[in-house]
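Visitor: Sharing a structure here in structure tokens format.
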Amino acid sequence: MNQKENSMTNTSRMLKNTRVAVVGVGYWGKNLVRNFYELGALEALCDGEAAAKANCESNYAGVKFYSDYSKVLADPLINAVALATPAVAHYEMAKAALLAGKDVLVEKPLAVDVKHGEELVKVAAANNRVLMVGHILRYHPAIRTLQRLIKDGALGKINYVYSNRLNIGKIRTEENILWSFAPHDISVMLALLNEMPNRVSCQGGAYLSEGVPDVTLSHFEFPSGVRGHVFVSWLHPIKEQRLVIVGTDKMAVFDDTADDKLVLYPHKVEWKNRIPTAVKAKAKLFSWIRKSPSGPSASIFWIVSLLEQLPSAMAKKVCAC
């Protein structure tokens, strides 16, 4: 049995008594459906689109289908719900599931209002329910490797971090680009630096739908002196998913669209006659051993703190300038 098969087997055992309903089976929900089905934990699907029912019947025999979310909440065999719905619906749907006694996995962001996120945490605690958010990028082996390198001091003192998440589409009208794309990058930045920023600013522009920014650039300043920015756009000619970390000893580039995803550059700056001079060095490809996460890498309280980093002006779909 290879490593991936062993990981799936162990996860299947843990999910033996868990029966999951996936709500929203579109662009991202279909991935959740496939994985829960392969793990033997998929009890039901829920979607308002008629085509989704036909797809369920043809590809997932024996799995129940509901077009009404209230029926999912009323089903006693379902003890967990995975929400892959528009972000604006997360709060109400997650709260309803928690109050119905279901554990909840909700795709990022947890909510589009900090107060709503805080309330969901309280509701989950009061009802002794699990509340998880799909910040999946934090579990990428490259990100785990970067966390270890930074913790061990392999990059030296971190000066700045930036992340670009750019593409043409998938364009949304119910949520802006900051809420749709940036949570991935902000969550990774906070995890790598292990601190919260003391200053955040954001600028953006709405070009396709009034009041819904398509492009944003967010700046972060941290107590340690590190600075960072996150540039996101669904109105960009090429796809780019790149994270750059600049330290005093080494620089790291994580490119999720490249074959060589993690590359270290031992470039340095030397001072000669009080003048800084860049000293370039050969890049080093970095590999890692894939292994299953031992558990969640962040508490739900940290995730609510992440919501606080998204400017309130953007939460209201107004361009922050």
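Just so we're on the same page: first chain in the structure tokens is A, next is B, and so on; residues restart at 1 for each chain, and ligands are numbered from 1 in the order they show up.
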List every residue of segment 122-301 of chain A that DSSP, applied to the backbone of this structure, places in strand (DSSP E or B), and write the result as a VMD selection string.
Guide: chain A and resid 131 to 133 158 to 168 199 to 205 209 212 215 to 221 227 to 233 235 to 247 251 to 255 262 to 265 268 to 272 275 to 279 284 to 285
Visitor: For the residues in the current selection, export C-alpha atoms as a PDB file, in the first residue's frame.
Guide:
ATOM      1  CA  LEU A 131     -16.687  24.264  13.091  1.00  0.00           C
ATOM      2  CA  MET A 132     -13.973  24.136  10.420  1.00  0.00           C
ATOM      3  CA  VAL A 133     -13.005  26.474   7.584  1.00  0.00           C
ATOM      4  CA  ILE A 158      12.340  37.801   7.220  1.00  0.00           C
ATOM      5  CA  ASN A 159      12.144  41.218   5.564  1.00  0.00           C
ATOM      6  CA  TYR A 160       8.990  41.014   3.481  1.00  0.00           C
ATOM      7  CA  VAL A 161       6.452  38.639   1.951  1.00  0.00           C
ATOM      8  CA  TYR A 162       4.212  39.053  -1.046  1.00  0.00           C
ATOM      9  CA  SER A 163       1.641  36.884  -2.767  1.00  0.00           C
ATOM     10  CA  ASN A 164      -0.026  37.157  -6.174  1.00  0.00           C
ATOM     11  CA  ARG A 165      -3.196  35.222  -7.031  1.00  0.00           C
ATOM     12  CA  LEU A 166      -4.212  36.256 -10.536  1.00  0.00           C
ATOM     13  CA  ASN A 167      -6.334  34.771 -13.303  1.00  0.00           C
ATOM     14  CA  ILE A 168      -8.991  35.511 -15.901  1.00  0.00           C
ATOM     15  CA  ARG A 199      -1.658  47.950  10.220  1.00  0.00           C
ATOM     16  CA  VAL A 200      -3.656  46.909   7.147  1.00  0.00           C
ATOM     17  CA  SER A 201      -4.651  48.923   4.089  1.00  0.00           C
ATOM     18  CA  CYS A 202      -6.324  47.967   0.844  1.00  0.00           C
ATOM     19  CA  GLN A 203      -6.970  49.525  -2.524  1.00  0.00           C
ATOM     20  CA  GLY A 204      -8.998  48.121  -5.368  1.00  0.00           C
ATOM     21  CA  GLY A 205     -11.085  48.801  -8.410  1.00  0.00           C
ATOM     22  CA  SER A 209     -19.912  45.149 -11.620  1.00  0.00           C
ATOM     23  CA  VAL A 212     -17.772  44.665  -6.566  1.00  0.00           C
ATOM     24  CA  VAL A 215      -8.726  43.798  -8.431  1.00  0.00           C
ATOM     25  CA  THR A 216      -7.314  44.560  -4.975  1.00  0.00           C
ATOM     26  CA  LEU A 217      -3.891  45.218  -3.486  1.00  0.00           C
ATOM     27  CA  SER A 218      -3.634  44.789   0.284  1.00  0.00           C
ATOM     28  CA  HIS A 219      -0.680  45.959   2.388  1.00  0.00           C
ATOM     29  CA  PHE A 220       0.285  44.536   5.784  1.00  0.00           C
ATOM     30  CA  GLU A 221       2.710  45.827   8.417  1.00  0.00           C
ATOM     31  CA  ARG A 227       5.900  43.995   5.535  1.00  0.00           C
ATOM     32  CA  GLY A 228       3.804  42.191   2.988  1.00  0.00           C
ATOM     33  CA  HIS A 229       1.279  42.615   0.239  1.00  0.00           C
ATOM     34  CA  VAL A 230      -1.370  40.472  -1.435  1.00  0.00           C
ATOM     35  CA  PHE A 231      -2.367  41.200  -5.040  1.00  0.00           C
ATOM     36  CA  VAL A 232      -5.486  39.421  -6.318  1.00  0.00           C
ATOM     37  CA  SER A 233      -7.435  39.731  -9.556  1.00  0.00           C
ATOM     38  CA  LEU A 235      -9.308  40.224 -14.518  1.00  0.00           C
ATOM     39  CA  HIS A 236      -5.760  39.268 -15.470  1.00  0.00           C
ATOM     40  CA  PRO A 237      -4.396  37.922 -18.787  1.00  0.00           C
ATOM     41  CA  ILE A 238      -2.415  35.019 -17.278  1.00  0.00           C
ATOM     42  CA  LYS A 239      -2.733  32.716 -14.303  1.00  0.00           C
ATOM     43  CA  GLU A 240      -0.290  33.291 -11.481  1.00  0.00           C
ATOM     44  CA  GLN A 241      -0.229  31.827  -7.978  1.00  0.00           C
ATOM     45  CA  ARG A 242       3.081  32.860  -6.482  1.00  0.00           C
ATOM     46  CA  LEU A 243       4.299  33.459  -2.950  1.00  0.00           C
ATOM     47  CA  VAL A 244       7.682  35.124  -2.359  1.00  0.00           C
ATOM     48  CA  ILE A 245       9.478  35.338   0.984  1.00  0.00           C
ATOM     49  CA  VAL A 246      12.585  37.488   1.258  1.00  0.00           C
ATOM     50  CA  GLY A 247      14.969  36.822   4.127  1.00  0.00           C
ATOM     51  CA  MET A 251      14.735  33.924  -0.534  1.00  0.00           C
ATOM     52  CA  ALA A 252      11.960  31.417  -1.235  1.00  0.00           C
ATOM     53  CA  VAL A 253       9.468  31.212  -4.083  1.00  0.00           C
ATOM     54  CA  PHE A 254       6.394  28.968  -3.966  1.00  0.00           C
ATOM     55  CA  ASP A 255       4.772  28.805  -7.416  1.00  0.00           C
ATOM     56  CA  LEU A 262       9.318  25.445  -4.129  1.00  0.00           C
ATOM     57  CA  VAL A 263      12.654  27.051  -4.991  1.00  0.00           C
ATOM     58  CA  LEU A 264      15.198  28.599  -2.635  1.00  0.00           C
ATOM     59  CA  TYR A 265      17.534  31.386  -3.744  1.00  0.00           C
ATOM     60  CA  LYS A 268      22.575  37.893  -0.305  1.00  0.00           C
ATOM     61  CA  VAL A 269      23.354  41.549  -0.027  1.00  0.00           C
ATOM     62  CA  GLU A 270      26.876  42.521   0.932  1.00  0.00           C
ATOM     63  CA  TRP A 271      27.932  45.987   2.044  1.00  0.00           C
ATOM     64  CA  LYS A 272      31.115  47.364   0.502  1.00  0.00           C
ATOM     65  CA  ILE A 275      27.097  50.515  -0.520  1.00  0.00           C
ATOM     66  CA  PRO A 276      24.715  47.514  -0.726  1.00  0.00           C
ATOM     67  CA  THR A 277      25.606  45.038  -3.473  1.00  0.00           C
ATOM     68  CA  ALA A 278      23.482  42.071  -4.519  1.00  0.00           C
ATOM     69  CA  VAL A 279      25.355  38.751  -4.614  1.00  0.00           C
ATOM     70  CA  LYS A 284      18.039  25.232  -5.181  1.00  0.00           C
ATOM     71  CA  LEU A 285      14.991  23.102  -5.903  1.00  0.00           C
TER      72      LEU A 285
END
Visitor: Which neighbours of segment 87-92 of chain A fall inside 12 Å, counting only C-alpha atoms, when residues of the same chain fewer than 6 positions from it are skipped, and could you give them as a PyMOL selection string?
Guide: chain A and resi 23-24+69+81+98-99+104-121+123+131+133+172-181+183+315-317
Visitor: Excluding segment 47-49 of chain A and its own-chain neighbours fewer than 4 positions away, which residues fall within 9 Å of it when counting only C-alpha atoms? Please give them as number ranges by chain.
Guide: A: 22-26, 53, 65-69
Visitor: For Thr145 of chain A, which of A:Ala21, A:Leu32, A:Ala97, A:Leu192 is the closest residue, counting only C-alpha atoms?
Guide: A:Leu192
Visitor: I need the residues in segment 31-272 of chain A that are helix (DSSP H, G or I) according to DSSP; give them as a ChimeraX atom specification.
Guide: /A:31-38,50-59,69-74,87-99,114-126,136-139,141-151,177-193
Visitor: Which one is closest to Pro266 of chain A: A:His184, A:Lys280, A:Lys30, A:Lys250? Count only C-alpha atoms.
Guide: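 Looking at the shortest contact to Pro266 of chain A, the residue is A:Lys250.
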Visitor: Figure out the distance between atom CA of Asp103 of chain A and atom CA of Ala126 of chain A, please, to one decimal in Å.
Guide: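 A separation of 12.5 Å between them.
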Visitor: When distances are computed from only C-alpha atoms, which of A:Ser187, A:Thr18, A:Thr257, A:Ser287 shows the smallest separation from Asn79 of chain A?
Guide: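 Once distances to Asn79 of chain A are computed over only C-alpha atoms, the minimum belongs to A:Thr18.
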